[in-house]
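Reading through the structure tokens given below for one structure.
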Amino acid sequence: MNKTKQYLIPFVGLKLGKHHFEYQISNSFFEAFDYDEFQNSDIKVNLALEKKSTMMELIFKHEGTVNVPCDLTSEDFDLPIEGEMKLIVRFGDAYNNDNEDLLVLPFGEFEIDVAQYIYEMIALSVPLRRVHPGVQDGSLKTEALERLKELVLEKVDDQDKEDKIQDKEENIDPRWDKLKQLLTDK
């Protein structure tokens, strides 16, 4: 992961107190993680690191857009995303990242790589269902949407036909039921 050198923070030389870091994330960042869900990305990440005598507190915030395909039409669009994550860093005998909110670094460690945390925060802020804004407001006109509308209308028409058939069966004159009963009683 040589591509993530710029995300290494050497905290040993930092004074106690708050320190701010800013990162501009593009698709080259995600290539380091073999993540290719986005056609394009433009995300700004702000990191506030508060160094205390026995621990550190990191607050990540991100805001930007990722270009993704619509789940309904496969049309690419810029999806706005934003999010926030908090991480506590403590020191102990061995490295431990089992807890998503707490990272334990071994004594003697002098830097922290925040690339993995930025990656996870951004990837988790993208919704599972991605729908083009034009689909929601009705302004998008594509062949896929037209075909979906046709299929929905066909289904509605089929349902209407079934409902009419059931209505006709229910509106049969009760005298016919008596005649049918005569045939089955033999």
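The way I read the labels, and the way they are meant: chains A, B, ... in the order of the structure tokens, residue 1 as the first residue of every chain, and ligand 1 as the first ligand shown, with later ones counted on from there.
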List the spatial neighbours of A:Phe60 as a list of chain:residue names - criterion: any atom at most 10 Å away, only C-alpha atoms, same-chain residues fewer than 4 positions off excluded. A:Phe21, A:Glu22, A:Val45, A:Asn46, A:Leu47, A:Ala48, A:Leu49, A:Gly83, A:Glu84, A:Met85, A:Lys86, A:Leu87, A:Val114, A:Tyr117, A:Ile118, A:Met121
Write the residues of the selection above to a file with all heavy atoms, as a tab-separated table (two decimals), in the first residue's frame.
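Written file, again_16.tsv:
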chain	number	residue	atom	x	y	z
A	21	PHE	N	-6.16	18.01	9.44
A	21	PHE	CA	-5.62	17.49	8.19
A	21	PHE	C	-6.75	17.49	7.17
A	21	PHE	O	-7.91	17.26	7.52
A	21	PHE	CB	-5.09	16.06	8.38
A	21	PHE	CG	-4.01	15.96	9.41
A	21	PHE	CD1	-4.33	15.72	10.74
A	21	PHE	CD2	-2.68	16.12	9.07
A	21	PHE	CE1	-3.34	15.63	11.71
A	21	PHE	CE2	-1.68	16.03	10.02
A	21	PHE	CZ	-2.01	15.78	11.35
A	22	GLU	N	-6.39	17.73	5.92
A	22	GLU	CA	-7.40	17.76	4.86
A	22	GLU	C	-6.89	16.91	3.69
A	22	GLU	O	-5.72	16.99	3.31
A	22	GLU	CB	-7.62	19.19	4.40
A	22	GLU	CG	-8.80	19.35	3.47
A	22	GLU	CD	-9.08	20.81	3.17
A	22	GLU	OE1	-9.52	21.53	4.09
A	22	GLU	OE2	-8.85	21.22	2.01
A	45	VAL	N	-12.12	15.26	2.57
A	45	VAL	CA	-12.11	14.67	3.90
A	45	VAL	C	-11.37	15.61	4.85
A	45	VAL	O	-10.25	16.03	4.57
A	45	VAL	CB	-11.43	13.28	3.91
A	45	VAL	CG1	-11.35	12.73	5.33
A	45	VAL	CG2	-12.17	12.31	3.00
A	46	ASN	N	-12.02	15.94	5.94
A	46	ASN	CA	-11.40	16.74	7.00
A	46	ASN	C	-11.18	15.83	8.20
A	46	ASN	O	-12.11	15.13	8.63
A	46	ASN	CB	-12.28	17.92	7.41
A	46	ASN	CG	-12.35	18.96	6.33
A	46	ASN	OD1	-11.33	19.41	5.84
A	46	ASN	ND2	-13.56	19.33	5.93
A	47	LEU	N	-9.99	15.87	8.73
A	47	LEU	CA	-9.64	15.04	9.89
A	47	LEU	C	-9.18	15.96	11.01
A	47	LEU	O	-8.24	16.75	10.84
A	47	LEU	CB	-8.54	14.04	9.52
A	47	LEU	CG	-7.88	13.28	10.66
A	47	LEU	CD1	-8.88	12.47	11.46
A	47	LEU	CD2	-6.78	12.38	10.12
A	48	ALA	N	-9.84	15.86	12.14
A	48	ALA	CA	-9.42	16.60	13.34
A	48	ALA	C	-8.82	15.59	14.31
A	48	ALA	O	-9.52	14.67	14.75
A	48	ALA	CB	-10.61	17.32	13.96
A	49	LEU	N	-7.55	15.72	14.59
A	49	LEU	CA	-6.85	14.83	15.51
A	49	LEU	C	-6.56	15.60	16.79
A	49	LEU	O	-5.92	16.65	16.75
A	49	LEU	CB	-5.54	14.34	14.87
A	49	LEU	CG	-4.72	13.35	15.67
A	49	LEU	CD1	-4.00	12.41	14.72
A	49	LEU	CD2	-3.71	14.01	16.56
A	83	GLY	N	-20.57	12.19	5.50
A	83	GLY	CA	-20.57	11.33	6.67
A	83	GLY	C	-19.54	11.78	7.69
A	83	GLY	O	-18.75	12.69	7.46
A	84	GLU	N	-19.59	11.09	8.81
A	84	GLU	CA	-18.70	11.42	9.92
A	84	GLU	C	-18.37	10.14	10.67
A	84	GLU	O	-19.20	9.22	10.76
A	84	GLU	CB	-19.40	12.41	10.85
A	84	GLU	CG	-18.55	12.89	11.98
A	84	GLU	CD	-19.25	13.97	12.82
A	84	GLU	OE1	-19.99	14.79	12.24
A	84	GLU	OE2	-19.04	13.97	14.03
A	85	MET	N	-17.15	10.07	11.18
A	85	MET	CA	-16.73	8.91	11.95
A	85	MET	C	-15.77	9.36	13.05
A	85	MET	O	-14.97	10.28	12.86
A	85	MET	CB	-16.02	7.91	11.02
A	85	MET	CG	-15.62	6.62	11.71
A	85	MET	SD	-14.83	5.47	10.58
A	85	MET	CE	-13.15	6.07	10.65
A	86	LYS	N	-15.87	8.70	14.18
A	86	LYS	CA	-15.02	9.02	15.32
A	86	LYS	C	-14.19	7.79	15.66
A	86	LYS	O	-14.70	6.67	15.66
A	86	LYS	CB	-15.89	9.43	16.50
A	86	LYS	CG	-15.13	9.94	17.69
A	86	LYS	CD	-16.11	10.42	18.76
A	86	LYS	CE	-15.38	10.95	19.96
A	86	LYS	NZ	-16.30	11.39	21.00
A	87	LEU	N	-12.91	8.00	15.95
A	87	LEU	CA	-12.01	6.91	16.29
A	87	LEU	C	-11.15	7.32	17.49
A	87	LEU	O	-10.58	8.41	17.51
A	87	LEU	CB	-11.10	6.57	15.09
A	87	LEU	CG	-10.06	5.49	15.30
A	87	LEU	CD1	-10.73	4.12	15.46
A	87	LEU	CD2	-9.10	5.45	14.12
A	114	VAL	N	-4.29	6.44	8.25
A	114	VAL	CA	-5.73	6.68	8.30
A	114	VAL	C	-6.43	6.32	6.99
A	114	VAL	O	-7.65	6.47	6.88
A	114	VAL	CB	-6.04	8.14	8.69
A	114	VAL	CG1	-5.57	8.44	10.10
A	114	VAL	CG2	-5.45	9.11	7.69
A	117	TYR	N	-9.38	3.83	7.27
A	117	TYR	CA	-10.56	4.42	7.92
A	117	TYR	C	-11.30	5.37	6.98
A	117	TYR	O	-12.53	5.40	6.96
A	117	TYR	CB	-10.14	5.12	9.21
A	117	TYR	CG	-9.56	4.16	10.21
A	117	TYR	CD1	-8.20	4.04	10.38
A	117	TYR	CD2	-10.39	3.31	10.93
A	117	TYR	CE1	-7.66	3.11	11.28
A	117	TYR	CE2	-9.88	2.39	11.82
A	117	TYR	CZ	-8.51	2.29	11.99
A	117	TYR	OH	-8.00	1.37	12.86
A	118	ILE	N	-10.56	6.13	6.18
A	118	ILE	CA	-11.18	7.02	5.19
A	118	ILE	C	-11.94	6.18	4.16
A	118	ILE	O	-13.08	6.47	3.82
A	118	ILE	CB	-10.12	7.92	4.53
A	118	ILE	CG1	-9.57	8.91	5.55
A	118	ILE	CG2	-10.71	8.64	3.32
A	118	ILE	CD1	-8.39	9.72	5.06
A	121	MET	N	-15.13	4.67	5.71
A	121	MET	CA	-16.13	5.70	5.98
A	121	MET	C	-16.84	6.10	4.69
A	121	MET	O	-18.07	6.21	4.66
A	121	MET	CB	-15.45	6.91	6.62
A	121	MET	CG	-16.35	8.10	6.82
A	121	MET	SD	-15.52	9.54	7.50
A	121	MET	CE	-14.36	9.95	6.20
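Between atom CA of A:Asn67 and atom CA of A:Arg147 the separation is 23.9 Å.
Nearest to A:Asp36 of all the residues A:Asp76, A:Arg130, A:Ala123, A:Lys178 is A:Ala123, counting only C-alpha atoms.
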Excluding A:Phe110 and its own-chain neighbours fewer than 6 positions away, which residues fall within 8 Å of it when counting only C-alpha atoms? Please give them as number ranges by chain. A: 10-12
Quick one: everything within 8 Å of A:Leu105, counting only C-alpha atoms, minus sequence neighbours fewer than 4 positions away in the same chain. Send it as a PyMOL selection string. chain A and resi 89-96+109
Apply DSSP to the structure's backbone, then extract all residues of stretch 19-152 of chain A labelled helix (DSSP H, G or I) and return them as a ChimeraX atom specification. /A:27-31,115-125,133-137,143-152
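Distance check against A:Gly13 using only C-alpha atoms: of A:Leu72, A:Glu111, A:Val152, A:Ser26, the minimum falls on A:Glu111.
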May I have the residues within 10 Å of A:Pro69 as an MDAnalysis selection string, using only C-alpha atoms and disregarding those fewer than 5 positions away in the same chain? chainID A and resid 37:39 74:79 130:132
Filtering to N, CA, C and O atoms, could you give me those residues as a compact mmCIF listing (two decimals), in the first residue's frame?
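Produced file selection02.txt, reproduced below:
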# COMPACT_ATOMS: atom_id res chain seq x y z
N GLU A 37 -16.22 0.64 -7.70
CA GLU A 37 -17.66 0.90 -7.75
C GLU A 37 -17.98 2.27 -8.34
O GLU A 37 -19.08 2.49 -8.83
N PHE A 38 -17.03 3.20 -8.29
CA PHE A 38 -17.28 4.57 -8.74
C PHE A 38 -16.62 4.81 -10.08
O PHE A 38 -15.48 4.42 -10.29
N GLN A 39 -17.33 5.49 -11.00
CA GLN A 39 -16.72 5.89 -12.25
C GLN A 39 -15.80 7.10 -12.01
O GLN A 39 -14.79 7.25 -12.67
N SER A 74 -29.36 2.19 -15.12
CA SER A 74 -27.93 2.05 -15.43
C SER A 74 -27.32 3.35 -15.97
O SER A 74 -26.22 3.33 -16.50
N GLU A 75 -28.02 4.45 -15.85
CA GLU A 75 -27.48 5.76 -16.24
C GLU A 75 -26.55 6.25 -15.13
O GLU A 75 -26.89 6.19 -13.95
N ASP A 76 -25.37 6.75 -15.50
CA ASP A 76 -24.44 7.29 -14.52
C ASP A 76 -24.92 8.65 -14.02
O ASP A 76 -25.47 9.43 -14.79
N PHE A 77 -24.71 8.90 -12.73
CA PHE A 77 -25.04 10.19 -12.16
C PHE A 77 -24.16 10.46 -10.95
O PHE A 77 -23.57 9.56 -10.38
N ASP A 78 -24.03 11.74 -10.60
CA ASP A 78 -23.24 12.14 -9.43
C ASP A 78 -24.11 12.07 -8.19
O ASP A 78 -25.10 12.79 -8.07
N LEU A 79 -23.72 11.19 -7.28
CA LEU A 79 -24.46 10.99 -6.04
C LEU A 79 -23.76 11.76 -4.92
O LEU A 79 -22.60 11.49 -4.62
N ARG A 130 -29.27 3.02 -5.29
CA ARG A 130 -28.87 4.28 -5.92
C ARG A 130 -29.84 4.58 -7.06
O ARG A 130 -29.88 3.86 -8.05
N VAL A 131 -30.62 5.62 -6.90
CA VAL A 131 -31.62 5.98 -7.89
C VAL A 131 -31.31 7.38 -8.42
O VAL A 131 -31.15 8.32 -7.64
N HIS A 132 -31.24 7.48 -9.73
CA HIS A 132 -30.96 8.75 -10.40
C HIS A 132 -32.01 9.78 -9.98
O HIS A 132 -33.20 9.47 -9.94
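Interatomic distance, atom CA of A:Thr54 against atom CA of A:Asn99: 18.4 Å.
Between atom CA of A:His20 and atom CA of A:Ile59 there is a distance of 9.7 Å.
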